[in-house]
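Report on one structure; see the data block that follows.
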Amino acid sequence: MDDTASLYDAIPYGGSPVTESHPGRLAALGILHGMRPAPASACRVLELGAANGGNLIPLASRYPESRFLGVDISPGQVASGRELIAALGLDNIELLAGDLLELADTLGPFDYILAHGLYSWVSVPVRRRILELVSRTLAPQGIAFVSFNALPGWRGVRGALREMLRHFSRKAGTPREQVAAARSGLDFLISGYGSAEVLEARLLLHECRRLQAATDGYLFHEYLAPINDPFLWVTFVEHLAEAGLVPITDVDLAIASPLAYGETVAETFATGSGDPHEVAQRLDFIGNRSFRRSLIGHRGVALATEPMWERLPELELIAQCEAEVPPELRRSKPSPYLLAGGERVMVHQPLTKAALEILGGSYPETRSLSSLAPEAAERVRRVGGGAFAEAFPDLLGEMASLVVRGAIGVCGSGWRGGADLVRPRLRPLAEAGIQLGWDHVATLHHHRLPVDDFLRILAPLLDGTRELRQIVAEMVPGIRLRPELLGGAAARWSEARLGTALGKRVEEALRLLGRQGLLI
């Protein structure tokens, strides 16, 4: 324990919200696969490898009736998390510093157990202990979230780069010196690969540039630390079986669908189902899978092998999307929608287009398909598309497809609310995190929002007592000292011009914070 703890204390990996591990999403996926898991608003959650609580603390803040326990081997990271917990006055969460091999089996039962970024990076005894703890402390209808590096993908470019960076840093002493040596090695590789035309070199160049922008914690623990073992899917399934556990699904529903890999692949698997784990393994081969985020449960729990889409109306939905062009609601014509990450999806059914308009406009509020359908139908009727207004089966089918593709998120429970934009106030979680110097805040739906210097100046003024003009006026002295935050020429602007530009920037920031559910 001591050696591992010292590595994480020397270079913290850092904790941040893992969107896919949110108990509400895990509950929704469990419901779609035939389970009846506990709601996020009334559950018990254990996180193994919790770091500084960056994933658990936002959940504890949002769900005061649920209980959360995080365990990590690094006393330094646990102390950092406890500082934020104390600042928030939370009494439903505890962070413990300790070795998983010594963790008691009597702590459960837990409705959800999270182990993100842990399974591939620990010794064999600890790996066995993780699944043993899941087996012994997971509730009967509980769900565990376990991520790991997967084969064949991880052993390709990333595996090769890990060997190179470990070579560059082999003579360095402390972890910080190892990171510095690895970054020097990255510079050398980027210089060498820069003009290469060979495909392998171009792939390595892309990965080197990605690592250049990565944190020291990610670079060290993923590429330099002693243990990083990727696994075949079928090997992981064998590990589960030894512990009396079974896979439920991956959080990425698309990877289990042969159709996602093209019609030829789909036709190959259409002739016979065969062993589902062998099918999944072969799809990993075709997709060159490098990472998996698996949901697992107890052997013997009744599970659906494919999503039960007839249960989709029971769930709450979220979507950050907008139509690229005004959608055609009178006929089944493809319309492009842009997602928050810049991806584009094509939507065909008028009822689905109307539903997405409502969902996107409602974000960060959630909506159920049952409540969306009549409202969407009314929109379609209003523009003369009455023939499509009752096509609920088409709506269900296309919405299910969008869930699989990740364009729509699913939640086991919903959220309704709003914000006072006249006298805006930050949510306590964001306020306390920024005050303590955290480099990010967790949004309402458990995404990571970086904190820049402009937000650090703005945040103390968002206490619910000031209107926009007061906020702008009080920010002017700080911006005069940091004019680069508004642009290089801001230092020479008049008071009036500075105030106008600053007002626009503050309004933009408030819209972003409101859109992410960070204002109350």
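Within each chain, counting starts at residue 1; across the structure tokens, chains are named A, B, ... in the order shown, with ligands numbered 1 upward in that order.
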Practice task
Using DSSP on the backbone coordinates, identify the residues of stretch 247-462 of chain A assigned to alpha helix (DSSP H); present them as a PyMOL selection string.
Solution key: chain A and resi 263-270+276-287+350-362+369-382+392-404+428-435+453-458
Handout entry: Contacts of A:Val347 within 9 Å, only C-alpha atoms, excl. fewer than 3 positions in-chain, as a list of chain:residue names
Key =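 Contacts, in chain order: A:Ser332, A:Lys333, A:Pro334, A:Ser335, A:Pro336, A:Tyr337, A:Pro350, A:Thr352, A:Lys353, A:Glu398, A:Leu402.
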Problem - Between atom CA of A:Ala51 and atom CA of A:Gly14 - distance in Å to one decimal - result: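 Distance reported for this atom pair: 6.1 Å.
Reported to one decimal place, the separation of atom CA of A:Val78 from atom CA of A:Asp9 is 9.8 Å.
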Exercise for the section: For stretch 408-410 of chain A, list every protein, DNA or RNA residue within 6 Å, evaluated using only C-alpha atoms, and leave out those in the same chain fewer than 6 positions away; present the list as a PyMOL selection string. Expected result: chain A and resi 25+316-319+402
Write the selection just made, keeping C-alpha atoms, as a short mmCIF file (atom, residue, chain, number, x, y, z; two decimals), in the first residue's frame?
data_model
loop_
_atom_site.label_atom_id
_atom_site.label_comp_id
_atom_site.auth_asym_id
_atom_site.auth_seq_id
_atom_site.Cartn_x
_atom_site.Cartn_y
_atom_site.Cartn_z
CA ARG A 25 -27.83 6.61 -15.64
CA GLU A 316 -36.36 10.59 -17.98
CA LEU A 317 -34.50 11.92 -21.02
CA ILE A 318 -31.99 14.73 -21.54
CA ALA A 319 -30.44 16.16 -24.70
CA LEU A 402 -30.77 8.13 -30.58
#
Handout entry: Surrounding residues of A:Pro37 excluding itself and chain neighbours under 5 positions, 7 Å, only C-alpha atoms, as a PyMOL selection string
Key = chain A and resi 27+30+141-142
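Closest approach to A:Leu95 among A:Gly108, A:Pro450, A:Gly81, A:Pro483 is made by A:Gly81 (distances from only C-alpha atoms).
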Completion exercise
With distances taken over only C-alpha atoms, the candidate from A:Ser294, A:Asn228, A:Ser80, A:Ser123 nearest A:Leu101 is A:Ser123
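Residue nearest A:Val18, chosen from A:Trp438, A:Phe291, A:Phe145, A:Tyr223 and counting only C-alpha atoms: A:Phe145.
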Completion exercise
In terms of only C-alpha atoms, the residue from A:Val380, A:Ala180, A:Ala407, A:Val506 at minimal distance from A:Glu322 is A:Ala407
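One distance worth recording is that between atom CA of A:Met399 and atom CA of A:Leu519, which is 29.4 Å.
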Problem - Counting only C-alpha atoms, the residue of A:Ala355, A:Ile113, A:Leu396, A:Ala377 that sits nearest A:Arg311 - result: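 Under the stated criterion, the closest residue is A:Leu396.
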Exercise for the section: Counting only C-alpha atoms, figure out which residue out of A:Leu219, A:Ala490, A:Leu498, A:Ile93 gets nearest to A:Tyr13. Expected result: A:Leu219
Problem - Non-local contacts of A:Arg456 (10 Å; only C-alpha atoms; under 2 positions in same chain excluded) as a PyMOL selection string - result: chain A and resi 431+434-435+437+439+451-454+458-461
Using only N, CA and C atoms, please write the residues we just selected to a file, as a PDB file, in the first residue's frame.
ATOM      1  N   GLU A 431     -19.651  27.032  -5.897  1.00  0.00           N
ATOM      2  CA  GLU A 431     -19.097  28.133  -5.114  1.00  0.00           C
ATOM      3  C   GLU A 431     -17.949  27.644  -4.224  1.00  0.00           C
ATOM      4  N   ILE A 434     -14.768  26.389  -6.277  1.00  0.00           N
ATOM      5  CA  ILE A 434     -13.972  27.488  -6.833  1.00  0.00           C
ATOM      6  C   ILE A 434     -13.196  28.187  -5.720  1.00  0.00           C
ATOM      7  N   GLN A 435     -13.828  28.389  -4.578  1.00  0.00           N
ATOM      8  CA  GLN A 435     -13.137  29.026  -3.452  1.00  0.00           C
ATOM      9  C   GLN A 435     -11.929  28.216  -2.996  1.00  0.00           C
ATOM     10  N   GLY A 437     -10.091  26.392  -4.882  1.00  0.00           N
ATOM     11  CA  GLY A 437      -9.084  26.309  -5.928  1.00  0.00           C
ATOM     12  C   GLY A 437      -9.201  25.117  -6.852  1.00  0.00           C
ATOM     13  N   ASP A 439      -9.972  23.005 -10.118  1.00  0.00           N
ATOM     14  CA  ASP A 439      -9.838  23.481 -11.499  1.00  0.00           C
ATOM     15  C   ASP A 439     -11.068  23.189 -12.358  1.00  0.00           C
ATOM     16  N   VAL A 451     -12.762  25.541 -14.801  1.00  0.00           N
ATOM     17  CA  VAL A 451     -12.835  26.867 -14.171  1.00  0.00           C
ATOM     18  C   VAL A 451     -11.658  27.690 -14.679  1.00  0.00           C
ATOM     19  N   ASP A 452     -11.950  28.783 -15.390  1.00  0.00           N
ATOM     20  CA  ASP A 452     -10.884  29.672 -15.861  1.00  0.00           C
ATOM     21  C   ASP A 452     -10.771  30.886 -14.930  1.00  0.00           C
ATOM     22  N   ASP A 453      -9.798  31.742 -15.214  1.00  0.00           N
ATOM     23  CA  ASP A 453      -9.555  32.880 -14.335  1.00  0.00           C
ATOM     24  C   ASP A 453     -10.718  33.868 -14.339  1.00  0.00           C
ATOM     25  N   PHE A 454     -11.408  33.995 -15.467  1.00  0.00           N
ATOM     26  CA  PHE A 454     -12.555  34.903 -15.520  1.00  0.00           C
ATOM     27  C   PHE A 454     -13.639  34.434 -14.552  1.00  0.00           C
ATOM     28  N   LEU A 458     -15.495  36.180 -11.289  1.00  0.00           N
ATOM     29  CA  LEU A 458     -16.949  36.343 -11.308  1.00  0.00           C
ATOM     30  C   LEU A 458     -17.633  35.617 -10.149  1.00  0.00           C
ATOM     31  N   ALA A 459     -17.161  34.417  -9.825  1.00  0.00           N
ATOM     32  CA  ALA A 459     -17.876  33.536  -8.889  1.00  0.00           C
ATOM     33  C   ALA A 459     -18.222  34.188  -7.545  1.00  0.00           C
ATOM     34  N   PRO A 460     -17.302  34.908  -6.875  1.00  0.00           N
ATOM     35  CA  PRO A 460     -17.659  35.468  -5.557  1.00  0.00           C
ATOM     36  C   PRO A 460     -18.810  36.469  -5.612  1.00  0.00           C
ATOM     37  N   LEU A 461     -19.095  37.008  -6.793  1.00  0.00           N
ATOM     38  CA  LEU A 461     -20.154  38.006  -6.932  1.00  0.00           C
ATOM     39  C   LEU A 461     -21.516  37.370  -7.206  1.00  0.00           C
TER      40      LEU A 461
END
Problem - In stretch 150-367 of chain A, DSSP strand (DSSP E) residues written as a ChimeraX atom specification - result: /A:245-250,291-298,316-318,321-323,335-339,344-347,367
Using C-alpha atoms, can you export the residues from the last selection as a JSON list (two decimals), in the first residue's frame?
[["chain", "number", "residue", "atom", "x", "y", "z"],
["A", 245, "LEU", "CA", -21.03, -12.01, -11.15],
["A", 246, "VAL", "CA", -22.31, -11.42, -14.69],
["A", 247, "PRO", "CA", -22.14, -8.53, -17.16],
["A", 248, "ILE", "CA", -25.31, -6.51, -17.69],
["A", 249, "THR", "CA", -24.27, -4.17, -20.49],
["A", 250, "ASP", "CA", -21.69, -1.56, -21.40],
["A", 291, "PHE", "CA", -11.58, 0.76, -23.24],
["A", 292, "ARG", "CA", -14.72, -0.66, -21.65],
["A", 293, "ARG", "CA", -17.11, 0.67, -19.01],
["A", 294, "SER", "CA", -19.07, -2.38, -17.94],
["A", 295, "LEU", "CA", -22.10, -2.72, -15.72],
["A", 296, "ILE", "CA", -22.18, -5.93, -13.73],
["A", 297, "GLY", "CA", -24.58, -7.62, -11.33],
["A", 298, "HIS", "CA", -25.16, -10.82, -9.43],
["A", 316, "GLU", "CA", -36.36, 10.59, -17.98],
["A", 317, "LEU", "CA", -34.50, 11.92, -21.02],
["A", 318, "ILE", "CA", -31.99, 14.73, -21.54],
["A", 321, "CYS", "CA", -29.06, 19.56, -29.20],
["A", 322, "GLU", "CA", -30.43, 22.02, -31.70],
["A", 323, "ALA", "CA", -31.65, 21.80, -35.28],
["A", 335, "SER", "CA", -33.12, 16.88, -40.63],
["A", 336, "PRO", "CA", -29.65, 17.49, -39.12],
["A", 337, "TYR", "CA", -29.31, 18.15, -35.39],
["A", 338, "LEU", "CA", -26.11, 19.34, -33.73],
["A", 339, "LEU", "CA", -25.13, 17.89, -30.36],
["A", 344, "ARG", "CA", -24.33, 15.71, -36.09],
["A", 345, "VAL", "CA", -27.24, 13.26, -36.14],
["A", 346, "MET", "CA", -29.94, 12.91, -38.77],
["A", 347, "VAL", "CA", -33.54, 12.64, -37.57],
["A", 367, "ARG", "CA", -38.48, 15.07, -19.70]]
Handout entry: Non-local contacts of stretch 326-331 of chain A (8 Å; only C-alpha atoms; under 5 positions in same chain excluded) as a ChimeraX atom specification
Key = /A:349-351,353-354,380,383-386,388
Output N, CA, C and O atoms of each residue in that selection to a file, as an mmCIF file, in the first residue's frame.
data_model
loop_
_atom_site.group_PDB
_atom_site.id
_atom_site.type_symbol
_atom_site.label_atom_id
_atom_site.label_comp_id
_atom_site.auth_asym_id
_atom_site.auth_seq_id
_atom_site.Cartn_x
_atom_site.Cartn_y
_atom_site.Cartn_z
ATOM 1 N N GLN A 349 -38.258 11.216 -38.388
ATOM 2 C CA GLN A 349 -39.682 11.273 -38.087
ATOM 3 C C GLN A 349 -40.091 12.646 -37.533
ATOM 4 O O GLN A 349 -39.429 13.174 -36.630
ATOM 5 N N PRO A 350 -41.164 13.234 -38.077
ATOM 6 C CA PRO A 350 -41.613 14.546 -37.580
ATOM 7 C C PRO A 350 -41.834 14.570 -36.070
ATOM 8 O O PRO A 350 -41.489 15.556 -35.406
ATOM 9 N N LEU A 351 -42.407 13.500 -35.515
ATOM 10 C CA LEU A 351 -42.673 13.470 -34.085
ATOM 11 C C LEU A 351 -41.366 13.491 -33.286
ATOM 12 O O LEU A 351 -41.273 14.137 -32.235
ATOM 13 N N LYS A 353 -38.495 14.829 -34.348
ATOM 14 C CA LYS A 353 -37.924 16.174 -34.500
ATOM 15 C C LYS A 353 -38.547 17.130 -33.492
ATOM 16 O O LYS A 353 -37.841 17.915 -32.831
ATOM 17 N N ALA A 354 -39.857 17.082 -33.383
ATOM 18 C CA ALA A 354 -40.539 17.962 -32.427
ATOM 19 C C ALA A 354 -40.122 17.635 -30.998
ATOM 20 O O ALA A 354 -39.916 18.538 -30.179
ATOM 21 N N VAL A 380 -46.577 19.070 -34.164
ATOM 22 C CA VAL A 380 -46.678 18.527 -35.521
ATOM 23 C C VAL A 380 -48.037 18.878 -36.133
ATOM 24 O O VAL A 380 -48.127 19.279 -37.300
ATOM 25 N N VAL A 383 -48.482 22.566 -37.512
ATOM 26 C CA VAL A 383 -47.900 22.973 -38.798
ATOM 27 C C VAL A 383 -48.430 22.135 -39.955
ATOM 28 O O VAL A 383 -47.871 22.161 -41.053
ATOM 29 N N GLY A 384 -49.474 21.372 -39.691
ATOM 30 C CA GLY A 384 -50.092 20.622 -40.780
ATOM 31 C C GLY A 384 -49.564 19.221 -40.985
ATOM 32 O O GLY A 384 -49.788 18.618 -42.044
ATOM 33 N N GLY A 385 -48.871 18.668 -39.995
ATOM 34 C CA GLY A 385 -48.334 17.310 -40.135
ATOM 35 C C GLY A 385 -49.152 16.281 -39.399
ATOM 36 O O GLY A 385 -48.593 15.309 -38.855
ATOM 37 N N GLY A 386 -50.443 16.474 -39.363
ATOM 38 C CA GLY A 386 -51.321 15.620 -38.567
ATOM 39 C C GLY A 386 -51.186 14.145 -38.839
ATOM 40 O O GLY A 386 -51.390 13.317 -37.948
ATOM 41 N N PHE A 388 -48.644 12.447 -39.101
ATOM 42 C CA PHE A 388 -47.518 11.875 -38.345
ATOM 43 C C PHE A 388 -47.689 12.034 -36.833
ATOM 44 O O PHE A 388 -46.900 11.510 -36.060
#
Practice task
Excluding stretch 202-211 of chain A and residues on its chain fewer than 6 positions from it, collect all residues at most 10 Å away from it, counting only C-alpha atoms, and give them as a count of residues only.
Solution key: 21
